[in-house]
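Chemist: target.cif (mmCIF, N, CA and C atoms) pasted underneath:
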```
data_upload
#
loop_
_atom_site.label_atom_id
_atom_site.label_comp_id
_atom_site.auth_asym_id
_atom_site.auth_seq_id
_atom_site.Cartn_x
_atom_site.Cartn_y
_atom_site.Cartn_z
N MET A 27 -171.65 19.62 -155.43
CA MET A 27 -171.83 18.33 -156.05
C MET A 27 -172.61 17.43 -155.10
N LYS A 28 -173.62 16.79 -155.63
CA LYS A 28 -174.38 15.83 -154.85
C LYS A 28 -173.58 14.55 -154.69
N PRO A 29 -173.79 13.81 -153.61
CA PRO A 29 -173.09 12.53 -153.45
C PRO A 29 -173.56 11.50 -154.48
N GLY A 30 -172.69 10.53 -154.76
CA GLY A 30 -173.06 9.43 -155.64
C GLY A 30 -172.50 9.51 -157.05
N ILE A 31 -171.74 10.57 -157.35
CA ILE A 31 -171.23 10.73 -158.73
C ILE A 31 -170.41 9.52 -159.17
N GLU A 32 -169.78 8.83 -158.22
CA GLU A 32 -168.97 7.66 -158.58
C GLU A 32 -169.80 6.53 -159.18
N ASN A 33 -171.13 6.64 -159.10
CA ASN A 33 -172.04 5.65 -159.70
C ASN A 33 -172.73 6.17 -160.95
N GLY A 34 -172.25 7.30 -161.46
CA GLY A 34 -172.90 7.93 -162.60
C GLY A 34 -172.83 7.10 -163.87
N ILE A 35 -173.91 7.16 -164.62
CA ILE A 35 -173.98 6.48 -165.92
C ILE A 35 -174.74 7.39 -166.89
N GLY A 36 -174.21 7.50 -168.09
CA GLY A 36 -174.86 8.28 -169.13
C GLY A 36 -174.99 7.45 -170.38
N ILE A 37 -176.13 7.55 -171.03
CA ILE A 37 -176.40 6.75 -172.23
C ILE A 37 -176.90 7.65 -173.34
N VAL A 38 -176.38 7.41 -174.53
CA VAL A 38 -176.86 8.08 -175.75
C VAL A 38 -177.17 6.97 -176.74
N GLU A 39 -178.35 7.02 -177.33
CA GLU A 39 -178.72 6.09 -178.39
C GLU A 39 -178.98 6.90 -179.64
N ILE A 40 -178.32 6.53 -180.72
CA ILE A 40 -178.48 7.26 -181.98
C ILE A 40 -178.68 6.27 -183.12
N THR A 41 -179.24 6.76 -184.18
CA THR A 41 -179.29 6.05 -185.45
C THR A 41 -178.33 6.77 -186.37
N VAL A 42 -177.38 6.04 -186.95
CA VAL A 42 -176.39 6.65 -187.84
C VAL A 42 -177.10 7.23 -189.06
N THR A 43 -176.85 8.50 -189.30
CA THR A 43 -177.44 9.21 -190.44
C THR A 43 -176.33 9.56 -191.44
N PRO A 44 -176.70 9.91 -192.66
CA PRO A 44 -175.68 10.24 -193.66
C PRO A 44 -174.73 11.37 -193.22
N ASP A 45 -175.23 12.32 -192.43
CA ASP A 45 -174.35 13.41 -191.99
C ASP A 45 -173.35 12.97 -190.92
N MET A 46 -173.50 11.76 -190.38
CA MET A 46 -172.57 11.24 -189.37
C MET A 46 -171.47 10.36 -189.99
N THR A 47 -171.43 10.32 -191.31
CA THR A 47 -170.42 9.49 -191.97
C THR A 47 -169.08 10.23 -192.02
N ALA A 48 -168.04 9.48 -192.34
CA ALA A 48 -166.68 10.03 -192.38
C ALA A 48 -166.53 10.98 -193.56
N ARG A 49 -166.35 12.26 -193.24
CA ARG A 49 -166.19 13.30 -194.26
C ARG A 49 -165.03 14.20 -193.86
N LEU A 50 -164.23 14.57 -194.83
CA LEU A 50 -163.15 15.52 -194.61
C LEU A 50 -163.20 16.57 -195.71
N ASP A 51 -163.15 17.82 -195.33
CA ASP A 51 -163.26 18.94 -196.28
C ASP A 51 -164.51 18.81 -197.15
N GLY A 52 -165.60 18.32 -196.54
CA GLY A 52 -166.86 18.18 -197.24
C GLY A 52 -166.94 17.00 -198.19
N LYS A 53 -165.88 16.20 -198.23
CA LYS A 53 -165.83 15.05 -199.14
C LYS A 53 -166.08 13.77 -198.36
N LEU A 54 -166.99 12.93 -198.87
CA LEU A 54 -167.26 11.64 -198.25
C LEU A 54 -166.03 10.75 -198.38
N ILE A 55 -165.53 10.28 -197.25
CA ILE A 55 -164.37 9.39 -197.24
C ILE A 55 -164.84 7.93 -197.15
N HIS A 56 -165.77 7.67 -196.19
CA HIS A 56 -166.33 6.34 -195.99
C HIS A 56 -167.80 6.50 -195.61
N PRO A 57 -168.69 5.65 -196.12
CA PRO A 57 -170.12 5.78 -195.81
C PRO A 57 -170.51 5.05 -194.51
N VAL A 58 -169.72 5.26 -193.44
CA VAL A 58 -169.97 4.63 -192.15
C VAL A 58 -169.81 5.67 -191.04
N TYR A 59 -170.29 5.32 -189.84
CA TYR A 59 -170.23 6.17 -188.64
C TYR A 59 -168.80 6.63 -188.41
N SER A 60 -168.60 7.93 -188.39
CA SER A 60 -167.25 8.48 -188.29
C SER A 60 -166.74 8.51 -186.85
N THR A 61 -165.44 8.48 -186.72
CA THR A 61 -164.81 8.60 -185.40
C THR A 61 -165.14 9.97 -184.79
N PHE A 62 -165.22 11.00 -185.62
CA PHE A 62 -165.58 12.33 -185.13
C PHE A 62 -166.92 12.30 -184.40
N TRP A 63 -167.95 11.75 -185.05
CA TRP A 63 -169.28 11.70 -184.44
C TRP A 63 -169.30 10.75 -183.24
N LEU A 64 -168.57 9.67 -183.33
CA LEU A 64 -168.48 8.73 -182.21
C LEU A 64 -167.90 9.45 -180.98
N ALA A 65 -166.83 10.23 -181.18
CA ALA A 65 -166.23 10.98 -180.07
C ALA A 65 -167.20 12.03 -179.52
N TYR A 66 -167.94 12.70 -180.40
CA TYR A 66 -168.95 13.66 -179.95
C TYR A 66 -169.99 12.98 -179.07
N HIS A 67 -170.49 11.84 -179.51
CA HIS A 67 -171.51 11.14 -178.73
C HIS A 67 -170.93 10.58 -177.42
N ALA A 68 -169.66 10.21 -177.41
CA ALA A 68 -169.00 9.78 -176.17
C ALA A 68 -168.93 10.94 -175.18
N GLU A 69 -168.60 12.13 -175.67
CA GLU A 69 -168.57 13.33 -174.81
C GLU A 69 -169.96 13.60 -174.23
N LEU A 70 -170.99 13.47 -175.06
CA LEU A 70 -172.36 13.70 -174.62
C LEU A 70 -172.76 12.69 -173.55
N ALA A 71 -172.44 11.42 -173.76
CA ALA A 71 -172.77 10.39 -172.77
C ALA A 71 -172.05 10.65 -171.44
N ALA A 72 -170.80 11.05 -171.50
CA ALA A 72 -170.04 11.34 -170.29
C ALA A 72 -170.64 12.52 -169.54
N ARG A 73 -171.06 13.53 -170.25
CA ARG A 73 -171.71 14.68 -169.61
C ARG A 73 -173.01 14.24 -168.93
N ARG A 74 -173.77 13.38 -169.59
CA ARG A 74 -175.01 12.86 -169.00
C ARG A 74 -174.74 12.03 -167.74
N ALA A 75 -173.56 11.43 -167.66
CA ALA A 75 -173.21 10.62 -166.49
C ALA A 75 -172.98 11.48 -165.24
N ILE A 76 -172.54 12.72 -165.43
CA ILE A 76 -172.21 13.55 -164.26
C ILE A 76 -173.22 14.64 -163.96
N GLU A 77 -173.94 15.12 -164.95
CA GLU A 77 -174.87 16.24 -164.73
C GLU A 77 -175.92 15.99 -163.64
N PRO A 78 -176.45 14.78 -163.49
CA PRO A 78 -177.44 14.58 -162.42
C PRO A 78 -176.89 14.86 -161.02
N TYR A 79 -175.58 14.94 -160.89
CA TYR A 79 -174.96 15.16 -159.58
C TYR A 79 -174.57 16.62 -159.37
N PHE A 80 -174.84 17.46 -160.34
CA PHE A 80 -174.56 18.89 -160.19
C PHE A 80 -175.57 19.51 -159.23
N GLN A 81 -175.08 20.43 -158.44
CA GLN A 81 -175.95 21.31 -157.68
C GLN A 81 -175.91 22.67 -158.37
N GLU A 82 -176.77 23.57 -157.95
CA GLU A 82 -176.78 24.90 -158.55
C GLU A 82 -175.38 25.49 -158.48
N GLY A 83 -174.90 25.97 -159.61
CA GLY A 83 -173.58 26.58 -159.67
C GLY A 83 -172.46 25.63 -160.05
N ASP A 84 -172.76 24.33 -160.17
CA ASP A 84 -171.73 23.35 -160.57
C ASP A 84 -171.65 23.27 -162.10
N ASN A 85 -170.47 22.93 -162.58
CA ASN A 85 -170.27 22.73 -164.01
C ASN A 85 -169.04 21.86 -164.20
N ALA A 86 -168.67 21.60 -165.44
CA ALA A 86 -167.49 20.80 -165.75
C ALA A 86 -167.05 21.10 -167.17
N VAL A 87 -165.78 20.81 -167.43
CA VAL A 87 -165.24 20.93 -168.79
C VAL A 87 -164.54 19.63 -169.14
N GLY A 88 -164.60 19.27 -170.41
CA GLY A 88 -163.89 18.09 -170.88
C GLY A 88 -162.39 18.34 -170.84
N SER A 89 -161.64 17.32 -170.45
CA SER A 89 -160.19 17.46 -170.38
C SER A 89 -159.45 16.43 -171.22
N SER A 90 -160.11 15.35 -171.58
CA SER A 90 -159.44 14.33 -172.41
C SER A 90 -160.48 13.41 -173.02
N ILE A 91 -160.09 12.83 -174.14
CA ILE A 91 -160.88 11.76 -174.72
C ILE A 91 -159.93 10.82 -175.45
N HIS A 92 -160.11 9.53 -175.18
CA HIS A 92 -159.31 8.48 -175.81
C HIS A 92 -160.29 7.43 -176.33
N ILE A 93 -160.30 7.27 -177.63
CA ILE A 93 -161.24 6.35 -178.27
C ILE A 93 -160.48 5.36 -179.15
N ASN A 94 -160.76 4.09 -178.98
CA ASN A 94 -160.24 3.06 -179.87
C ASN A 94 -161.42 2.58 -180.70
N HIS A 95 -161.48 3.07 -181.94
CA HIS A 95 -162.58 2.76 -182.86
C HIS A 95 -162.26 1.43 -183.53
N LYS A 96 -163.00 0.37 -183.16
CA LYS A 96 -162.66 -1.00 -183.53
C LYS A 96 -163.43 -1.57 -184.71
N ALA A 97 -164.65 -1.09 -184.92
CA ALA A 97 -165.50 -1.69 -185.96
C ALA A 97 -166.39 -0.61 -186.57
N MET A 98 -166.98 -0.93 -187.71
CA MET A 98 -167.80 0.03 -188.45
C MET A 98 -169.29 -0.19 -188.21
N ALA A 99 -170.03 0.91 -188.37
CA ALA A 99 -171.49 0.86 -188.34
C ALA A 99 -171.99 1.68 -189.52
N GLY A 100 -172.87 1.10 -190.30
CA GLY A 100 -173.37 1.77 -191.49
C GLY A 100 -174.54 2.70 -191.21
N ILE A 101 -174.93 3.43 -192.22
CA ILE A 101 -176.08 4.32 -192.14
C ILE A 101 -177.30 3.48 -191.76
N GLY A 102 -178.06 3.98 -190.80
CA GLY A 102 -179.25 3.28 -190.32
C GLY A 102 -179.01 2.42 -189.09
N ALA A 103 -177.75 2.18 -188.75
CA ALA A 103 -177.44 1.35 -187.57
C ALA A 103 -177.85 2.08 -186.29
N LEU A 104 -178.43 1.34 -185.35
CA LEU A 104 -178.75 1.86 -184.03
C LEU A 104 -177.54 1.61 -183.14
N VAL A 105 -177.03 2.69 -182.55
CA VAL A 105 -175.80 2.62 -181.76
C VAL A 105 -176.10 3.12 -180.34
N ARG A 106 -175.55 2.40 -179.37
CA ARG A 106 -175.70 2.78 -177.96
C ARG A 106 -174.32 3.13 -177.40
N ILE A 107 -174.20 4.36 -176.89
CA ILE A 107 -172.97 4.85 -176.30
C ILE A 107 -173.20 4.95 -174.79
N THR A 108 -172.38 4.24 -174.01
CA THR A 108 -172.53 4.22 -172.57
C THR A 108 -171.27 4.79 -171.92
N ALA A 109 -171.46 5.70 -170.97
CA ALA A 109 -170.36 6.27 -170.20
C ALA A 109 -170.61 5.94 -168.73
N LEU A 110 -169.64 5.28 -168.10
CA LEU A 110 -169.71 4.94 -166.68
C LEU A 110 -168.62 5.70 -165.95
N VAL A 111 -168.98 6.40 -164.88
CA VAL A 111 -167.95 7.05 -164.08
C VAL A 111 -167.09 5.95 -163.47
N SER A 112 -165.79 5.99 -163.76
CA SER A 112 -164.88 4.95 -163.28
C SER A 112 -163.87 5.46 -162.27
N SER A 113 -163.73 6.78 -162.17
CA SER A 113 -162.76 7.34 -161.24
C SER A 113 -163.14 8.78 -160.90
N VAL A 114 -163.06 9.10 -159.62
CA VAL A 114 -163.24 10.48 -159.16
C VAL A 114 -162.07 10.78 -158.24
N LYS A 115 -161.22 11.71 -158.66
CA LYS A 115 -160.06 12.12 -157.86
C LYS A 115 -160.08 13.62 -157.74
N GLY A 116 -160.54 14.10 -156.59
CA GLY A 116 -160.68 15.54 -156.41
C GLY A 116 -161.70 16.09 -157.39
N ARG A 117 -161.26 17.02 -158.23
CA ARG A 117 -162.15 17.63 -159.24
C ARG A 117 -162.12 16.88 -160.57
N HIS A 118 -161.32 15.82 -160.67
CA HIS A 118 -161.16 15.10 -161.93
C HIS A 118 -162.02 13.84 -161.96
N VAL A 119 -162.84 13.75 -163.01
CA VAL A 119 -163.74 12.61 -163.19
C VAL A 119 -163.38 11.92 -164.50
N LEU A 120 -163.25 10.61 -164.44
CA LEU A 120 -162.97 9.82 -165.64
C LEU A 120 -164.14 8.88 -165.88
N CYS A 121 -164.62 8.86 -167.12
CA CYS A 121 -165.68 7.94 -167.53
C CYS A 121 -165.10 6.91 -168.49
N THR A 122 -165.52 5.67 -168.34
CA THR A 122 -165.20 4.61 -169.28
C THR A 122 -166.31 4.58 -170.32
N ILE A 123 -165.91 4.55 -171.59
CA ILE A 123 -166.84 4.63 -172.71
C ILE A 123 -166.91 3.28 -173.42
N GLN A 124 -168.14 2.88 -173.76
CA GLN A 124 -168.33 1.68 -174.58
C GLN A 124 -169.39 2.02 -175.62
N VAL A 125 -169.11 1.67 -176.88
CA VAL A 125 -170.01 1.95 -178.00
C VAL A 125 -170.35 0.63 -178.68
N VAL A 126 -171.65 0.33 -178.76
CA VAL A 126 -172.09 -0.97 -179.27
C VAL A 126 -173.17 -0.78 -180.34
N ALA A 127 -173.05 -1.53 -181.44
CA ALA A 127 -174.11 -1.59 -182.45
C ALA A 127 -175.19 -2.50 -181.88
N GLN A 128 -176.40 -1.99 -181.73
CA GLN A 128 -177.46 -2.71 -181.03
C GLN A 128 -177.90 -3.99 -181.73
N LYS A 129 -178.08 -3.96 -183.04
CA LYS A 129 -178.63 -5.12 -183.76
C LYS A 129 -177.71 -6.33 -183.69
N THR A 130 -176.39 -6.08 -183.80
CA THR A 130 -175.42 -7.18 -183.87
C THR A 130 -174.64 -7.37 -182.57
N SER A 131 -174.81 -6.47 -181.61
CA SER A 131 -174.03 -6.46 -180.36
C SER A 131 -172.52 -6.32 -180.61
N THR A 132 -172.17 -5.74 -181.74
CA THR A 132 -170.77 -5.53 -182.08
C THR A 132 -170.19 -4.37 -181.27
N LEU A 133 -169.04 -4.60 -180.64
CA LEU A 133 -168.33 -3.54 -179.94
C LEU A 133 -167.67 -2.65 -180.99
N LEU A 134 -168.18 -1.44 -181.14
CA LEU A 134 -167.65 -0.51 -182.14
C LEU A 134 -166.45 0.26 -181.63
N ALA A 135 -166.47 0.60 -180.33
CA ALA A 135 -165.39 1.41 -179.77
C ALA A 135 -165.42 1.33 -178.26
N GLU A 136 -164.27 1.64 -177.68
CA GLU A 136 -164.17 1.77 -176.23
C GLU A 136 -163.08 2.78 -175.93
N GLY A 137 -163.14 3.34 -174.73
CA GLY A 137 -162.14 4.32 -174.36
C GLY A 137 -162.50 5.02 -173.07
N THR A 138 -161.97 6.23 -172.90
CA THR A 138 -162.24 7.02 -171.71
C THR A 138 -162.47 8.48 -172.09
N GLN A 139 -163.14 9.18 -171.20
CA GLN A 139 -163.36 10.62 -171.36
C GLN A 139 -163.19 11.25 -169.98
N GLY A 140 -162.38 12.29 -169.91
CA GLY A 140 -162.12 12.97 -168.65
C GLY A 140 -162.77 14.34 -168.59
N GLN A 141 -163.19 14.71 -167.37
CA GLN A 141 -163.79 16.01 -167.14
C GLN A 141 -163.24 16.59 -165.84
N VAL A 142 -163.20 17.92 -165.78
CA VAL A 142 -162.77 18.61 -164.58
C VAL A 142 -163.97 19.40 -164.05
N LEU A 143 -164.32 19.12 -162.80
CA LEU A 143 -165.44 19.80 -162.15
C LEU A 143 -165.00 21.19 -161.71
N MET A 144 -165.89 22.17 -161.87
CA MET A 144 -165.62 23.53 -161.40
C MET A 144 -166.94 24.27 -161.29
N SER A 145 -166.88 25.42 -160.69
CA SER A 145 -168.10 26.22 -160.57
C SER A 145 -168.41 26.88 -161.92
N SER A 146 -169.67 27.16 -162.14
CA SER A 146 -170.08 27.85 -163.36
C SER A 146 -169.44 29.23 -163.42
N ALA A 147 -169.28 29.89 -162.27
CA ALA A 147 -168.66 31.22 -162.23
C ALA A 147 -167.20 31.13 -162.67
N SER A 148 -166.48 30.13 -162.18
CA SER A 148 -165.08 29.94 -162.57
C SER A 148 -164.97 29.64 -164.06
N LEU A 149 -165.87 28.79 -164.56
CA LEU A 149 -165.87 28.46 -165.98
C LEU A 149 -166.14 29.70 -166.83
N ALA A 150 -167.10 30.53 -166.41
CA ALA A 150 -167.43 31.75 -167.16
C ALA A 150 -166.22 32.68 -167.20
N GLU A 151 -165.50 32.79 -166.10
CA GLU A 151 -164.31 33.64 -166.05
C GLU A 151 -163.23 33.10 -166.98
N ARG A 152 -163.02 31.81 -166.97
CA ARG A 152 -162.02 31.20 -167.85
C ARG A 152 -162.40 31.39 -169.33
N CYS A 153 -163.68 31.27 -169.63
CA CYS A 153 -164.14 31.48 -171.01
C CYS A 153 -163.89 32.92 -171.44
N LYS A 154 -164.15 33.84 -170.53
CA LYS A 154 -163.93 35.26 -170.83
C LYS A 154 -162.45 35.49 -171.10
N GLN A 155 -161.56 34.91 -170.32
CA GLN A 155 -160.12 35.07 -170.53
C GLN A 155 -159.69 34.42 -171.84
N ALA A 156 -160.34 33.37 -172.25
CA ALA A 156 -159.98 32.67 -173.48
C ALA A 156 -160.32 33.49 -174.72
N GLU A 157 -161.20 34.47 -174.59
CA GLU A 157 -161.62 35.29 -175.74
C GLU A 157 -160.55 36.27 -176.18
N MET A 158 -159.54 36.46 -175.38
CA MET A 158 -158.51 37.47 -175.69
C MET A 158 -157.78 37.18 -176.96
#
```
Produce structure tokens that represent the structure in this file.
Modeler:
Amino acid sequence: MKPGIENGIGIVEITVTPDMTARLDGKLIHPVYSTFWLAYHAELAARRAIEPYFQEGDNAVGSSIHINHKAMAGIGALVRITALVSSVKGRHVLCTIQVVAQKTSTLLAEGTQGQVLMSSASLAERCKQAEM
């Protein structure tokens, strides 16, 4: 791991599309940005916050995600998801997540996402064991 991970920041900017709306069992529930997609984009932003600090052979796995989805964003809304590394304890990294609708500056969600740092070789071995 390269030094400086405690200053990591990852950003994802998306435009809400119809496939990102709240759907369950293929049925449209609400025509707004779903918590599922919001959590996916939070995971992506958190990964972007730490990857620049990887050296060859470094990797990480997600260990937790906590999202408080506070407001809605409709189809076509531009959304910015920001992940800031807020804690590094040994191999455990925690990112603080903030999700904002760009046009209105509305706070859509906030929370945390945790990751555990490990070698790619260790991760590959764990994945192989998980296939059983």
Chemist: Identify the residues within 7 Å of coordinate (-166.5, 6.1, -177.7) (same frame as the file), considering all atoms listed in the file, and give the answer as an MDAnalysis selection string.
Modeler: chainID A and resid 64:65 67:69 92:94 107 123:125 135:138
Chemist: Could you tell me, as number ranges by chain, exactly which residues end up selected when the PyMOL selection byres ((chain A and resi 109) around 8) is applied to this structure?
Modeler: A: 34-38, 68, 70-76, 106-108, 110-112, 120-125, 139
Chemist: Counting all atoms listed in the file, write as an MDAnalysis selection string all protein and nucleic acid residues lying at most 5 Å from (-165.9, -0.7, -183.2) in the file's frame.
Modeler: chainID A and resid 95:98 133:135
Chemist: Work out how far atom C of Tyr79 (chain A) is from atom N of Gly30 (chain A), in Å to one decimal.
Modeler: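 About the pair atom N of Gly30 (chain A) and atom C of Tyr79 (chain A): they are 7.9 Å apart.
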Chemist: Can you tell me how far atom C of Glu157 (chain A) sits from atom C of Gln141 (chain A), in Å to one decimal?
Modeler: 22.4 Å
Chemist: Between atom N of Gln81 (chain A) and atom C of Ala147 (chain A), what is the spacing in Å?
Modeler: 13.9 Å
Chemist: Which residue is closest to Asp84 (chain A)? Choose from A:Gln128, A:Met144, A:Leu104, A:Tyr66 and count only N, CA and C atoms.
Modeler: A:Met144
Chemist: Could you check the closest approach to Ile31 (chain A) for each of A:Thr132, A:Ser148, A:Pro78, A:Ala127 and tell me which residue wins, using all atoms listed in the file?
Modeler: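 Counting all atoms listed in the file, the residue closest to Ile31 (chain A) is A:Pro78.
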Chemist: Quick one: everything within 5 Å of Ala48 (chain A), counting all atoms listed in the file, minus sequence neighbours fewer than 6 positions away in the same chain. Send it as a compact mmCIF listing (two decimals) with N, CA and C atoms, in the frame of the given file.
Modeler:
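Once written, selection.txt looks like this:
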```txt
# COMPACT_ATOMS: atom_id res chain seq x y z
N LEU A 54 -166.99 12.93 -198.87
CA LEU A 54 -167.26 11.64 -198.25
C LEU A 54 -166.03 10.75 -198.38
N ILE A 55 -165.53 10.28 -197.25
CA ILE A 55 -164.37 9.39 -197.24
C ILE A 55 -164.84 7.93 -197.15
N HIS A 56 -165.77 7.67 -196.19
CA HIS A 56 -166.33 6.34 -195.99
C HIS A 56 -167.80 6.50 -195.61
N VAL A 58 -169.72 5.26 -193.44
CA VAL A 58 -169.97 4.63 -192.15
C VAL A 58 -169.81 5.67 -191.04
N TYR A 59 -170.29 5.32 -189.84
CA TYR A 59 -170.23 6.17 -188.64
C TYR A 59 -168.80 6.63 -188.41
N SER A 60 -168.60 7.93 -188.39
CA SER A 60 -167.25 8.48 -188.29
C SER A 60 -166.74 8.51 -186.85
```
Chemist: Can you list, as a PyMOL selection string, every residue of chain A that DSSP puts in helix (DSSP H, G or I)?
Modeler: chain A and resi 31-33+44-46+61-79+146-156
Chemist: If you keep C-alpha atoms, can you output region 38-107 of chain A as a PDB file, in the first residue's frame?
Modeler:
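The result, written out as part.pdb:
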```
ATOM      1  CA  VAL A  38     -18.813   9.016  -9.123  1.00  0.00           C
ATOM      2  CA  GLU A  39     -21.095  11.246 -11.168  1.00  0.00           C
ATOM      3  CA  ILE A  40     -24.123   9.667 -12.799  1.00  0.00           C
ATOM      4  CA  THR A  41     -27.308  10.684 -14.524  1.00  0.00           C
ATOM      5  CA  VAL A  42     -30.286   8.725 -13.206  1.00  0.00           C
ATOM      6  CA  THR A  43     -31.624   6.484 -15.969  1.00  0.00           C
ATOM      7  CA  PRO A  44     -34.867   4.479 -16.096  1.00  0.00           C
ATOM      8  CA  ASP A  45     -32.974   1.261 -15.278  1.00  0.00           C
ATOM      9  CA  MET A  46     -31.767   2.861 -11.996  1.00  0.00           C
ATOM     10  CA  THR A  47     -35.294   3.309 -10.667  1.00  0.00           C
ATOM     11  CA  ALA A  48     -36.777   1.313  -7.796  1.00  0.00           C
ATOM     12  CA  ARG A  49     -37.800  -2.089  -9.167  1.00  0.00           C
ATOM     13  CA  LEU A  50     -38.557  -5.346  -7.403  1.00  0.00           C
ATOM     14  CA  ASP A  51     -39.149  -8.618  -9.256  1.00  0.00           C
ATOM     15  CA  GLY A  52     -39.008  -6.635 -12.495  1.00  0.00           C
ATOM     16  CA  LYS A  53     -41.883  -4.403 -11.405  1.00  0.00           C
ATOM     17  CA  LEU A  54     -41.481  -0.621 -11.191  1.00  0.00           C
ATOM     18  CA  ILE A  55     -42.121   0.422  -7.599  1.00  0.00           C
ATOM     19  CA  HIS A  56     -41.131   4.121  -7.807  1.00  0.00           C
ATOM     20  CA  PRO A  57     -39.836   6.127 -10.809  1.00  0.00           C
ATOM     21  CA  VAL A  58     -36.865   7.550  -8.828  1.00  0.00           C
ATOM     22  CA  TYR A  59     -33.206   6.660  -8.100  1.00  0.00           C
ATOM     23  CA  SER A  60     -33.291   3.424  -6.133  1.00  0.00           C
ATOM     24  CA  THR A  61     -31.459   2.698  -2.902  1.00  0.00           C
ATOM     25  CA  PHE A  62     -29.987  -0.375  -4.620  1.00  0.00           C
ATOM     26  CA  TRP A  63     -28.281   1.725  -7.308  1.00  0.00           C
ATOM     27  CA  LEU A  64     -27.304   4.386  -4.783  1.00  0.00           C
ATOM     28  CA  ALA A  65     -25.536   1.704  -2.689  1.00  0.00           C
ATOM     29  CA  TYR A  66     -23.824   0.332  -5.815  1.00  0.00           C
ATOM     30  CA  HIS A  67     -22.517   3.783  -6.716  1.00  0.00           C
ATOM     31  CA  ALA A  68     -21.390   4.341  -3.094  1.00  0.00           C
ATOM     32  CA  GLU A  69     -19.383   1.097  -3.289  1.00  0.00           C
ATOM     33  CA  LEU A  70     -17.840   2.260  -6.570  1.00  0.00           C
ATOM     34  CA  ALA A  71     -16.886   5.661  -5.132  1.00  0.00           C
ATOM     35  CA  ALA A  72     -15.309   4.015  -2.075  1.00  0.00           C
ATOM     36  CA  ARG A  73     -13.263   1.693  -4.285  1.00  0.00           C
ATOM     37  CA  ARG A  74     -12.077   4.717  -6.290  1.00  0.00           C
ATOM     38  CA  ALA A  75     -10.987   6.355  -3.022  1.00  0.00           C
ATOM     39  CA  ILE A  76      -8.549   3.553  -2.174  1.00  0.00           C
ATOM     40  CA  GLU A  77      -7.379   2.076  -5.497  1.00  0.00           C
ATOM     41  CA  PRO A  78      -4.864   4.869  -6.233  1.00  0.00           C
ATOM     42  CA  TYR A  79      -2.969   3.700  -3.132  1.00  0.00           C
ATOM     43  CA  PHE A  80      -2.684   0.070  -4.210  1.00  0.00           C
ATOM     44  CA  GLN A  81       0.685  -1.303  -5.138  1.00  0.00           C
ATOM     45  CA  GLU A  82       1.100  -4.357  -7.333  1.00  0.00           C
ATOM     46  CA  GLY A  83      -0.549  -7.274  -5.576  1.00  0.00           C
ATOM     47  CA  ASP A  84      -2.823  -5.152  -3.342  1.00  0.00           C
ATOM     48  CA  ASN A  85      -6.586  -5.560  -3.299  1.00  0.00           C
ATOM     49  CA  ALA A  86      -9.599  -5.082  -1.017  1.00  0.00           C
ATOM     50  CA  VAL A  87     -13.067  -6.440  -0.367  1.00  0.00           C
ATOM     51  CA  GLY A  88     -16.155  -4.624   0.828  1.00  0.00           C
ATOM     52  CA  SER A  89     -17.103  -5.436   4.406  1.00  0.00           C
ATOM     53  CA  SER A  90     -20.004  -3.106   5.199  1.00  0.00           C
ATOM     54  CA  ILE A  91     -22.289  -0.468   3.829  1.00  0.00           C
ATOM     55  CA  HIS A  92     -24.647   1.788   5.765  1.00  0.00           C
ATOM     56  CA  ILE A  93     -26.788   4.201   3.775  1.00  0.00           C
ATOM     57  CA  ASN A  94     -29.422   6.627   5.020  1.00  0.00           C
ATOM     58  CA  HIS A  95     -31.423   7.457   1.882  1.00  0.00           C
ATOM     59  CA  LYS A  96     -32.982  10.844   2.730  1.00  0.00           C
ATOM     60  CA  ALA A  97     -34.409  12.297  -0.483  1.00  0.00           C
ATOM     61  CA  MET A  98     -35.443  11.336  -4.008  1.00  0.00           C
ATOM     62  CA  ALA A  99     -33.892  12.038  -7.390  1.00  0.00           C
ATOM     63  CA  GLY A 100     -35.873  11.567 -10.573  1.00  0.00           C
ATOM     64  CA  ILE A 101     -34.888  10.223 -13.961  1.00  0.00           C
ATOM     65  CA  GLY A 102     -32.450  12.621 -15.607  1.00  0.00           C
ATOM     66  CA  ALA A 103     -31.068  13.998 -12.334  1.00  0.00           C
ATOM     67  CA  LEU A 104     -27.289  14.458 -12.170  1.00  0.00           C
ATOM     68  CA  VAL A 105     -26.023  12.879  -8.956  1.00  0.00           C
ATOM     69  CA  ARG A 106     -22.576  13.138  -7.368  1.00  0.00           C
ATOM     70  CA  ILE A 107     -21.455  10.382  -4.995  1.00  0.00           C
TER      71      ILE A 107
END
```
